[in-house]
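> Got protein_21.pdb for you, PDB, C-alpha atoms, pLDDT in the B column:
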```
ATOM      1  CA  MET A   1       1.893  87.137 -28.615  1.00 82.00           C
ATOM      2  CA  ILE A   2      -1.811  87.885 -28.936  1.00 86.00           C
ATOM      3  CA  ASP A   3      -2.978  91.496 -28.950  1.00 89.00           C
ATOM      4  CA  LEU A   4      -5.738  92.234 -26.430  1.00 88.00           C
ATOM      5  CA  SER A   5      -7.937  95.308 -26.814  1.00 87.00           C
ATOM      6  CA  LEU A   6     -10.138  97.279 -24.495  1.00 87.00           C
ATOM      7  CA  PRO A   7     -13.847  96.988 -25.360  1.00 83.00           C
ATOM      8  CA  PRO A   8     -15.331  99.723 -27.538  1.00 86.00           C
ATOM      9  CA  GLY A   9     -17.629 102.337 -26.092  1.00 90.00           C
ATOM     10  CA  PRO A  10     -17.430 104.508 -22.964  1.00 94.00           C
ATOM     11  CA  LEU A  11     -14.735 103.532 -20.486  1.00 96.00           C
ATOM     12  CA  HIS A  12     -14.281 104.654 -16.872  1.00 97.00           C
ATOM     13  CA  VAL A  13     -10.771 104.433 -15.438  1.00 98.00           C
ATOM     14  CA  LEU A  14      -9.655 104.740 -11.821  1.00 98.00           C
ATOM     15  CA  CYS A  15      -5.990 105.697 -11.378  1.00 98.00           C
ATOM     16  CA  LEU A  16      -4.626 105.080  -7.883  1.00 98.00           C
ATOM     17  CA  GLY A  17      -1.336 106.306  -6.461  1.00 98.00           C
ATOM     18  CA  ALA A  18       0.167 106.365  -3.026  1.00 98.00           C
ATOM     19  CA  HIS A  19       1.883 109.658  -3.916  1.00 98.00           C
ATOM     20  CA  PRO A  20       1.587 112.411  -6.512  1.00 97.00           C
ATOM     21  CA  ASP A  21       3.566 111.397  -9.640  1.00 97.00           C
ATOM     22  CA  ASP A  22       3.145 107.616  -9.090  1.00 98.00           C
ATOM     23  CA  ILE A  23       0.365 107.411 -11.662  1.00 98.00           C
ATOM     24  CA  GLU A  24       2.028 109.380 -14.430  1.00 98.00           C
ATOM     25  CA  ILE A  25       5.409 107.653 -13.964  1.00 98.00           C
ATOM     26  CA  GLY A  26       3.796 104.231 -14.016  1.00 98.00           C
ATOM     27  CA  CYS A  27       1.215 104.616 -16.770  1.00 98.00           C
ATOM     28  CA  GLY A  28       1.468 108.078 -18.318  1.00 98.00           C
ATOM     29  CA  GLY A  29       1.817 106.617 -21.800  1.00 98.00           C
ATOM     30  CA  LEU A  30      -1.320 104.526 -21.363  1.00 98.00           C
ATOM     31  CA  LEU A  31      -3.171 107.624 -20.147  1.00 98.00           C
ATOM     32  CA  LEU A  32      -2.124 109.578 -23.229  1.00 98.00           C
ATOM     33  CA  GLY A  33      -3.409 106.723 -25.365  1.00 97.00           C
ATOM     34  CA  LEU A  34      -6.725 106.696 -23.515  1.00 97.00           C
ATOM     35  CA  ALA A  35      -7.074 110.447 -24.008  1.00 97.00           C
ATOM     36  CA  ALA A  36      -6.544 109.987 -27.743  1.00 96.00           C
ATOM     37  CA  ARG A  37      -9.039 107.095 -27.792  1.00 92.00           C
ATOM     38  CA  GLY A  38     -11.825 109.308 -26.481  1.00 91.00           C
ATOM     39  CA  ALA A  39     -15.034 108.252 -24.703  1.00 92.00           C
ATOM     40  CA  VAL A  40     -13.041 107.925 -21.465  1.00 96.00           C
ATOM     41  CA  THR A  41     -13.794 109.312 -18.022  1.00 97.00           C
ATOM     42  CA  ALA A  42     -11.262 109.039 -15.232  1.00 98.00           C
ATOM     43  CA  THR A  43     -10.601 109.644 -11.566  1.00 98.00           C
ATOM     44  CA  PHE A  44      -7.096 110.142 -10.203  1.00 98.00           C
ATOM     45  CA  ALA A  45      -6.835 109.385  -6.468  1.00 98.00           C
ATOM     46  CA  MET A  46      -3.733 109.812  -4.287  1.00 98.00           C
ATOM     47  CA  LEU A  47      -3.395 109.019  -0.609  1.00 98.00           C
ATOM     48  CA  THR A  48      -0.558 111.388   0.340  1.00 97.00           C
ATOM     49  CA  GLY A  49       0.917 114.694  -0.769  1.00 94.00           C
ATOM     50  CA  THR A  50       1.786 118.170   0.424  1.00 95.00           C
ATOM     51  CA  PRO A  51      -0.276 121.057  -0.967  1.00 96.00           C
ATOM     52  CA  GLU A  52       2.523 121.778  -3.458  1.00 96.00           C
ATOM     53  CA  ARG A  53       2.638 118.174  -4.667  1.00 96.00           C
ATOM     54  CA  GLN A  54      -1.146 118.001  -4.849  1.00 96.00           C
ATOM     55  CA  ALA A  55      -1.231 121.115  -7.024  1.00 97.00           C
ATOM     56  CA  GLU A  56       1.330 119.486  -9.318  1.00 98.00           C
ATOM     57  CA  ALA A  57      -0.785 116.329  -9.450  1.00 98.00           C
ATOM     58  CA  ARG A  58      -3.844 118.314 -10.533  1.00 98.00           C
ATOM     59  CA  ASP A  59      -1.841 119.849 -13.364  1.00 97.00           C
ATOM     60  CA  ALA A  60      -0.515 116.422 -14.339  1.00 98.00           C
ATOM     61  CA  ALA A  61      -3.970 114.829 -14.424  1.00 98.00           C
ATOM     62  CA  GLU A  62      -5.253 117.561 -16.717  1.00 98.00           C
ATOM     63  CA  ALA A  63      -2.205 117.263 -18.966  1.00 98.00           C
ATOM     64  CA  PHE A  64      -2.327 113.494 -19.336  1.00 98.00           C
ATOM     65  CA  LEU A  65      -6.085 112.912 -19.373  1.00 97.00           C
ATOM     66  CA  PRO A  66      -8.040 116.193 -19.682  1.00 97.00           C
ATOM     67  CA  GLY A  67     -11.225 116.394 -17.662  1.00 97.00           C
ATOM     68  CA  ALA A  68     -10.156 113.769 -15.117  1.00 97.00           C
ATOM     69  CA  ARG A  69     -11.496 114.131 -11.601  1.00 97.00           C
ATOM     70  CA  VAL A  70      -8.800 114.367  -8.902  1.00 98.00           C
ATOM     71  CA  ARG A  71      -9.089 113.300  -5.251  1.00 98.00           C
ATOM     72  CA  PHE A  72      -6.626 113.357  -2.360  1.00 97.00           C
ATOM     73  CA  TRP A  73      -6.255 112.021   1.153  1.00 97.00           C
ATOM     74  CA  ASP A  74      -3.770 113.678   3.510  1.00 94.00           C
ATOM     75  CA  LEU A  75      -2.134 110.542   4.901  1.00 97.00           C
ATOM     76  CA  PRO A  76       1.562 110.531   5.869  1.00 97.00           C
ATOM     77  CA  ASP A  77       4.058 109.784   3.109  1.00 97.00           C
ATOM     78  CA  GLY A  78       6.074 106.651   3.864  1.00 96.00           C
ATOM     79  CA  ARG A  79       3.804 105.615   6.741  1.00 98.00           C
ATOM     80  CA  LEU A  80       0.755 104.106   5.076  1.00 98.00           C
ATOM     81  CA  PRO A  81       1.124 100.610   6.601  1.00 98.00           C
ATOM     82  CA  GLY A  82       0.850 102.243  10.032  1.00 98.00           C
ATOM     83  CA  ARG A  83      -2.417 103.824   8.892  1.00 98.00           C
ATOM     84  CA  TRP A  84      -3.891 100.620   7.474  1.00 98.00           C
ATOM     85  CA  ASP A  85      -7.416 101.370   8.687  1.00 98.00           C
ATOM     86  CA  ASP A  86      -7.357 104.831   7.108  1.00 98.00           C
ATOM     87  CA  VAL A  87      -6.082 103.509   3.784  1.00 98.00           C
ATOM     88  CA  LYS A  88      -8.742 100.798   3.787  1.00 98.00           C
ATOM     89  CA  ALA A  89     -11.434 103.375   4.611  1.00 98.00           C
ATOM     90  CA  ALA A  90     -10.224 105.667   1.823  1.00 98.00           C
ATOM     91  CA  LEU A  91     -10.405 102.906  -0.766  1.00 98.00           C
ATOM     92  CA  GLU A  92     -13.816 101.784   0.473  1.00 97.00           C
ATOM     93  CA  GLU A  93     -15.029 105.377   0.206  1.00 97.00           C
ATOM     94  CA  LEU A  94     -13.745 105.493  -3.359  1.00 97.00           C
ATOM     95  CA  ALA A  95     -15.360 102.165  -4.149  1.00 97.00           C
ATOM     96  CA  GLY A  96     -18.693 103.590  -3.023  1.00 97.00           C
ATOM     97  CA  ASP A  97     -18.340 106.345  -5.632  1.00 96.00           C
ATOM     98  CA  GLU A  98     -16.424 104.626  -8.411  1.00 95.00           C
ATOM     99  CA  ALA A  99     -17.399 101.637 -10.536  1.00 96.00           C
ATOM    100  CA  PRO A 100     -14.497 101.587 -12.997  1.00 97.00           C
ATOM    101  CA  HIS A 101     -13.944  99.262 -15.911  1.00 96.00           C
ATOM    102  CA  LEU A 102     -10.187  99.567 -15.395  1.00 97.00           C
ATOM    103  CA  VAL A 103      -8.152 100.193 -12.226  1.00 98.00           C
ATOM    104  CA  LEU A 104      -4.514 101.275 -12.488  1.00 98.00           C
ATOM    105  CA  CYS A 105      -2.416 100.908  -9.327  1.00 98.00           C
ATOM    106  CA  PRO A 106       1.159 100.124  -8.197  1.00 98.00           C
ATOM    107  CA  ARG A 107       2.557  96.601  -8.328  1.00 98.00           C
ATOM    108  CA  ARG A 108       1.939  94.309  -5.391  1.00 98.00           C
ATOM    109  CA  ASP A 109       5.632  93.384  -5.270  1.00 97.00           C
ATOM    110  CA  ASP A 110       6.821  97.006  -5.236  1.00 98.00           C
ATOM    111  CA  SER A 111       9.526  97.532  -2.613  1.00 98.00           C
ATOM    112  CA  HIS A 112       8.012 100.790  -1.357  1.00 98.00           C
ATOM    113  CA  GLN A 113       5.677 100.004   1.516  1.00 98.00           C
ATOM    114  CA  ASP A 114       3.109 102.659   0.530  1.00 98.00           C
ATOM    115  CA  HIS A 115       2.843 101.389  -3.042  1.00 98.00           C
ATOM    116  CA  ARG A 116       2.600  97.787  -1.893  1.00 98.00           C
ATOM    117  CA  LEU A 117      -0.213  98.409   0.585  1.00 98.00           C
ATOM    118  CA  VAL A 118      -2.358 100.264  -1.939  1.00 98.00           C
ATOM    119  CA  SER A 119      -1.954  97.407  -4.393  1.00 98.00           C
ATOM    120  CA  GLU A 120      -2.749  94.746  -1.800  1.00 98.00           C
ATOM    121  CA  LEU A 121      -6.035  96.435  -0.891  1.00 98.00           C
ATOM    122  CA  VAL A 122      -7.278  97.217  -4.400  1.00 98.00           C
ATOM    123  CA  PRO A 123      -8.777  93.740  -5.080  1.00 96.00           C
ATOM    124  CA  THR A 124     -10.738  93.923  -1.838  1.00 95.00           C
ATOM    125  CA  ALA A 125     -12.494  97.070  -3.058  1.00 97.00           C
ATOM    126  CA  TRP A 126     -12.908  96.377  -6.791  1.00 97.00           C
ATOM    127  CA  ARG A 127     -13.705  92.792  -7.677  1.00 94.00           C
ATOM    128  CA  ASP A 128     -15.284  93.273 -11.110  1.00 93.00           C
ATOM    129  CA  ALA A 129     -12.771  95.621 -12.774  1.00 96.00           C
ATOM    130  CA  LEU A 130      -9.661  94.771 -14.727  1.00 96.00           C
ATOM    131  CA  VAL A 131      -6.752  95.712 -12.453  1.00 98.00           C
ATOM    132  CA  LEU A 132      -3.415  96.540 -14.080  1.00 98.00           C
ATOM    133  CA  GLU A 133      -0.474  97.104 -11.760  1.00 98.00           C
ATOM    134  CA  TYR A 134       2.083  99.616 -13.038  1.00 98.00           C
ATOM    135  CA  GLU A 135       5.786  99.820 -12.170  1.00 98.00           C
ATOM    136  CA  ILE A 136       7.766 102.670 -10.624  1.00 98.00           C
ATOM    137  CA  PRO A 137      11.568 102.623 -11.073  1.00 96.00           C
ATOM    138  CA  LYS A 138      13.640 103.289  -7.959  1.00 94.00           C
ATOM    139  CA  TRP A 139      16.978 102.532  -6.337  1.00 93.00           C
ATOM    140  CA  ASP A 140      15.609  99.316  -4.772  1.00 94.00           C
ATOM    141  CA  GLY A 141      15.932  97.509  -8.104  1.00 94.00           C
ATOM    142  CA  ASP A 142      12.535  95.850  -7.780  1.00 96.00           C
ATOM    143  CA  LEU A 143      11.420  95.731 -11.422  1.00 96.00           C
ATOM    144  CA  GLY A 144      10.108  92.250 -12.147  1.00 96.00           C
ATOM    145  CA  PRO A 145       8.537  90.352 -15.041  1.00 97.00           C
ATOM    146  CA  ALA A 146       5.414  91.824 -16.614  1.00 98.00           C
ATOM    147  CA  THR A 147       2.321  90.080 -17.919  1.00 97.00           C
ATOM    148  CA  HIS A 148       0.891  92.864 -20.116  1.00 98.00           C
ATOM    149  CA  TYR A 149       2.415  95.617 -22.238  1.00 98.00           C
ATOM    150  CA  VAL A 150       1.106  98.832 -23.763  1.00 98.00           C
ATOM    151  CA  PRO A 151       3.206  99.718 -26.828  1.00 98.00           C
ATOM    152  CA  LEU A 152       4.065 103.386 -27.353  1.00 98.00           C
ATOM    153  CA  ASP A 153       5.412 105.117 -30.412  1.00 97.00           C
ATOM    154  CA  GLU A 154       8.312 107.516 -30.022  1.00 97.00           C
ATOM    155  CA  ASP A 155       6.105 110.601 -29.985  1.00 98.00           C
ATOM    156  CA  ALA A 156       3.992 109.228 -27.131  1.00 98.00           C
ATOM    157  CA  ALA A 157       7.038 108.134 -25.129  1.00 98.00           C
ATOM    158  CA  ARG A 158       8.700 111.518 -25.447  1.00 98.00           C
ATOM    159  CA  ARG A 159       5.450 113.330 -24.729  1.00 98.00           C
ATOM    160  CA  LYS A 160       5.128 111.356 -21.492  1.00 98.00           C
ATOM    161  CA  VAL A 161       8.615 112.412 -20.391  1.00 98.00           C
ATOM    162  CA  GLU A 162       7.986 116.031 -21.368  1.00 98.00           C
ATOM    163  CA  LEU A 163       4.737 116.206 -19.385  1.00 98.00           C
ATOM    164  CA  LEU A 164       6.272 114.509 -16.347  1.00 98.00           C
ATOM    165  CA  SER A 165       8.935 117.179 -15.942  1.00 97.00           C
ATOM    166  CA  LYS A 166       6.556 119.997 -16.824  1.00 97.00           C
ATOM    167  CA  SER A 167       3.937 118.817 -14.317  1.00 97.00           C
ATOM    168  CA  TYR A 168       6.308 117.931 -11.450  1.00 97.00           C
ATOM    169  CA  PRO A 169       9.009 120.638 -11.246  1.00 97.00           C
ATOM    170  CA  SER A 170       9.555 119.779  -7.568  1.00 96.00           C
ATOM    171  CA  GLN A 171      10.992 116.410  -8.618  1.00 95.00           C
ATOM    172  CA  THR A 172      13.260 117.350 -11.503  1.00 93.00           C
ATOM    173  CA  GLY A 173      16.307 117.868  -9.249  1.00 92.00           C
ATOM    174  CA  ARG A 174      16.323 114.245  -8.097  1.00 93.00           C
ATOM    175  CA  ASP A 175      19.282 112.233  -9.336  1.00 93.00           C
ATOM    176  CA  TRP A 176      17.062 109.561 -10.914  1.00 93.00           C
ATOM    177  CA  TRP A 177      14.587 111.888 -12.603  1.00 96.00           C
ATOM    178  CA  ASP A 178      15.658 112.496 -16.181  1.00 95.00           C
ATOM    179  CA  GLU A 179      14.717 111.734 -19.769  1.00 96.00           C
ATOM    180  CA  GLU A 180      17.298 108.991 -20.121  1.00 97.00           C
ATOM    181  CA  MET A 181      15.902 106.996 -17.201  1.00 97.00           C
ATOM    182  CA  PHE A 182      12.253 107.235 -18.279  1.00 98.00           C
ATOM    183  CA  LEU A 183      12.941 106.550 -21.955  1.00 98.00           C
ATOM    184  CA  GLY A 184      15.388 103.772 -21.093  1.00 98.00           C
ATOM    185  CA  LEU A 185      12.797 101.870 -19.091  1.00 98.00           C
ATOM    186  CA  MET A 186      10.193 102.267 -21.816  1.00 98.00           C
ATOM    187  CA  ARG A 187      12.748 101.154 -24.423  1.00 98.00           C
ATOM    188  CA  MET A 188      13.592  98.027 -22.419  1.00 98.00           C
ATOM    189  CA  ARG A 189       9.915  97.131 -22.028  1.00 98.00           C
ATOM    190  CA  GLY A 190       9.434  97.814 -25.729  1.00 98.00           C
ATOM    191  CA  VAL A 191      12.104  95.236 -26.571  1.00 98.00           C
ATOM    192  CA  GLU A 192      10.221  92.681 -24.481  1.00 98.00           C
ATOM    193  CA  CYS A 193       7.058  93.096 -26.574  1.00 97.00           C
ATOM    194  CA  ARG A 194       8.723  93.775 -29.947  1.00 97.00           C
ATOM    195  CA  HIS A 195       7.945  97.486 -30.092  1.00 97.00           C
ATOM    196  CA  ARG A 196      10.082 100.590 -29.884  1.00 98.00           C
ATOM    197  CA  TYR A 197       8.742 101.682 -26.494  1.00 98.00           C
ATOM    198  CA  ALA A 198       6.191 100.288 -24.054  1.00 98.00           C
ATOM    199  CA  GLU A 199       4.886 100.440 -20.505  1.00 98.00           C
ATOM    200  CA  ALA A 200       4.652  97.206 -18.562  1.00 98.00           C
ATOM    201  CA  PHE A 201       1.940  95.969 -16.205  1.00 98.00           C
ATOM    202  CA  VAL A 202       0.960  92.964 -14.135  1.00 98.00           C
ATOM    203  CA  ALA A 203      -2.554  91.526 -14.175  1.00 98.00           C
ATOM    204  CA  ARG A 204      -3.211  89.066 -11.346  1.00 96.00           C
ATOM    205  CA  LYS A 205      -6.597  88.001 -12.677  1.00 93.00           C
ATOM    206  CA  ALA A 206      -8.328  88.449 -16.021  1.00 91.00           C
ATOM    207  CA  VAL A 207     -11.328  86.927 -17.791  1.00 89.00           C
ATOM    208  CA  LEU A 208     -10.863  85.735 -21.374  1.00 87.00           C
ATOM    209  CA  SER A 209     -14.153  85.867 -23.242  1.00 84.00           C
ATOM    210  CA  LEU A 210     -14.405  83.313 -26.054  1.00 85.00           C
ATOM    211  CA  GLY A 211     -17.476  84.913 -27.596  1.00 74.00           C
ATOM    212  CA  GLY A 212     -20.320  83.037 -29.217  1.00 65.00           C
ATOM    213  CA  PRO A 213     -20.143  80.096 -31.598  1.00 64.00           C
ATOM    214  CA  ALA A 214     -18.655  80.683 -35.049  1.00 56.00           C
TER     215      ALA A 214
END
```
Can you dump the structure from the file as structure tokens?


Amino acid sequence: MIDLSLPPGPLHVLCLGAHPDDIEIGCGGLLLGLAARGAVTATFAMLTGTPERQAEARDAAEAFLPGARVRFWDLPDGRLPGRWDDVKAALEELAGDEAPHLVLCPRRDDSHQDHRLVSELVPTAWRDALVLEYEIPKWDGDLGPATHYVPLDEDAARRKVELLSKSYPSQTGRDWWDEEMFLGLMRMRGVECRHRYAEAFVARKAVLSLGGPA
């Protein structure tokens, strides 16, 4: 494997979720790493969410990446494909305001229709950014192969799990929401990239710069 690094200097990141908690579940470890890196600005944008869930999402954004801007659209949870025009308009509005270096969004092959639609429309709005698609575990069993990994040490992995439950108390009663599930997934992805823990992503398109002559 070859290690790839983000370029030095200021970095602007756009984090997209269909629902509150998508972003932090899918890439909370990466966000903690970006916060530690410094010189990072970020926008968290979610297309659905009740006032309670939106308040939780604001707390989560501040916990994972302090200073991040947070934006919401009040579209219906579970019904985004039926509001295709509104989703497209929301992303185009964001694209008019945001010129990120990195876009984080759900996987295009995610079984949840809301996640899938957001991912399908991202490349139509941001053509010059690196897009990394994160994964969200669920009962559908839709986790597939990854193309890119972000290794996490044990402290970062456990910090992610701690902040998830602290930020989203409305979700902690769900039968799938617990430390074992989150750590187990990160442990499995860590095995795949020869690290203790990791988060996994899919990149559909990337540019490999060879640099100048030696």

> Env of Ala63 in chain A: 9 Å cut, atoms = all atoms listed in the file, seq-sep filter 3 positions within chain, self excluded. Answer as JSON, numbers by chain.

{"A": [32, 58, 59, 60, 66, 163, 167]}

> From the set A:Leu14, A:Met181, A:Val103, A:Met188, which residue has the shortest atom-to-atom contact distance to Pro151 in chain A, counting only C-alpha atoms?

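Smallest distance to Pro151 in chain A is found for A:Met188.
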
> Please identify all polymer residues lying at most 9 Å from the point (-5.2, 89.2, -12.5) (file coordinates), using only C-alpha atoms, and present the result as a list in words.

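Result, sorted by chain then residue number: Leu130, Val131, Leu132, Val202, Ala203, Arg204, Lys205, Ala206 and Val207 of chain A.
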
> Which is closer to Gly184 in chain A than all the others in A:Pro137, A:Pro169, A:Gly82, A:Pro100, using all atoms listed in the file?

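Closest to Gly184 in chain A of all the choices is A:Pro137.
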
> Applying the PyMOL selection byres ((chain A and resi 1) around 12) to the file I just gave you, which residues come out? Please list them as a ChimeraX atom specification.

/A:2-4,147-149,192-194

> Once the PyMOL selection byres ((chain A and resi 101) around 12) has been evaluated on this model, what residues remain selected, and can you format them as a list in words?

Leu6, Pro7, Pro8, Gly9, Pro10, Leu11, His12, Val13, Leu14, Cys15, Val40, Thr41, Ala42, Thr43, Glu98, Ala99, Pro100, Leu102, Val103, Leu104, Trp126, Arg127, Asp128, Ala129, Leu130, Val131 and Leu132 of chain A

> When you count all atoms listed in the file, which of these residues is closest to Leu117 in chain A: A:Leu31, A:Ala68, A:Cys105, A:Leu152?

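Of the candidates, the smallest distance to Leu117 in chain A is held by A:Cys105.
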
> Tell me, in Å to one decimal, how far CA of Ala39 in chain A is from CA of Ala156 in chain A.

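CA of Ala156 in chain A lies at a distance of 19.2 Å from CA of Ala39 in chain A.
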
> Return the single residue from A:Asp155, A:Asp97, A:Asp109, A:Asp175 that is closest to Arg69 in chain A, with distances computed using only C-alpha atoms.

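When distances to Arg69 in chain A are compared using only C-alpha atoms, the smallest one comes from A:Asp97.
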
> Using all atoms listed in the file, determine which residues lie at most 9 Å from Ser165 in chain A, disregarding the query and same-chain residues fewer than 6 positions distant; provide the list as an mmCIF file with C-alpha atoms, in the frame of the given file.


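As written to disk, around.cif reads:
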```
data_model
loop_
_atom_site.group_PDB
_atom_site.id
_atom_site.type_symbol
_atom_site.label_atom_id
_atom_site.label_comp_id
_atom_site.auth_asym_id
_atom_site.auth_seq_id
_atom_site.Cartn_x
_atom_site.Cartn_y
_atom_site.Cartn_z
ATOM 1 C CA GLN A 171 10.992 116.410 -8.618
ATOM 2 C CA THR A 172 13.260 117.350 -11.503
ATOM 3 C CA TRP A 177 14.587 111.888 -12.603
ATOM 4 C CA ASP A 178 15.658 112.496 -16.181
ATOM 5 C CA GLU A 179 14.717 111.734 -19.769
#
```

> Per residue of range 33-98 of chain A within 12 Å of range 110-114 of chain A, which atom pair is closest and at what distance in Å (one decimal), using only C-alpha atoms, listed by chain and increasing number, as CSV?


```
residue,atom,partner,partner_atom,distance
A:Met46,CA,A:Asp114,CA,11.0
A:Leu47,CA,A:Asp114,CA,9.2
A:Thr48,CA,A:Asp114,CA,9.5
A:Leu75,CA,A:Asp114,CA,10.4
A:Pro76,CA,A:Asp114,CA,9.6
A:Asp77,CA,A:Asp114,CA,7.6
A:Gly78,CA,A:Asp114,CA,6.0
A:Arg79,CA,A:Asp114,CA,6.9
A:Leu80,CA,A:Asp114,CA,5.3
A:Pro81,CA,A:Asp114,CA,6.7
A:Gly82,CA,A:Asp114,CA,9.8
A:Arg83,CA,A:Asp114,CA,10.1
A:Trp84,CA,A:Asp114,CA,10.1
A:Val87,CA,A:Asp114,CA,9.8
```

> Taking (6.8, 108.4, -14.0) as a centre in this file's frame and 8 Å as the limit, can you find every polymer residue with an atom that close, using only C-alpha atoms, and give them as a PyMOL selection string?

chain A and resi 21-28+136+161+164+182

> State, in Å with one decimal place, the distance from CA of Arg108 in chain A to CA of Glu120 in chain A.

5.9 Å

> Nearest to Val150 in chain A among A:Ala90, A:Gly96, A:Leu65, A:Ser5, with distances taken over all atoms listed in the file: which residue is it?

A:Ser5

> Of the candidates A:Tyr168, A:Trp176, A:Phe64, A:Phe72, which one gets nearest to Ala35 in chain A if we count all atoms listed in the file?

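Of the candidates, the smallest distance to Ala35 in chain A is held by A:Phe64.
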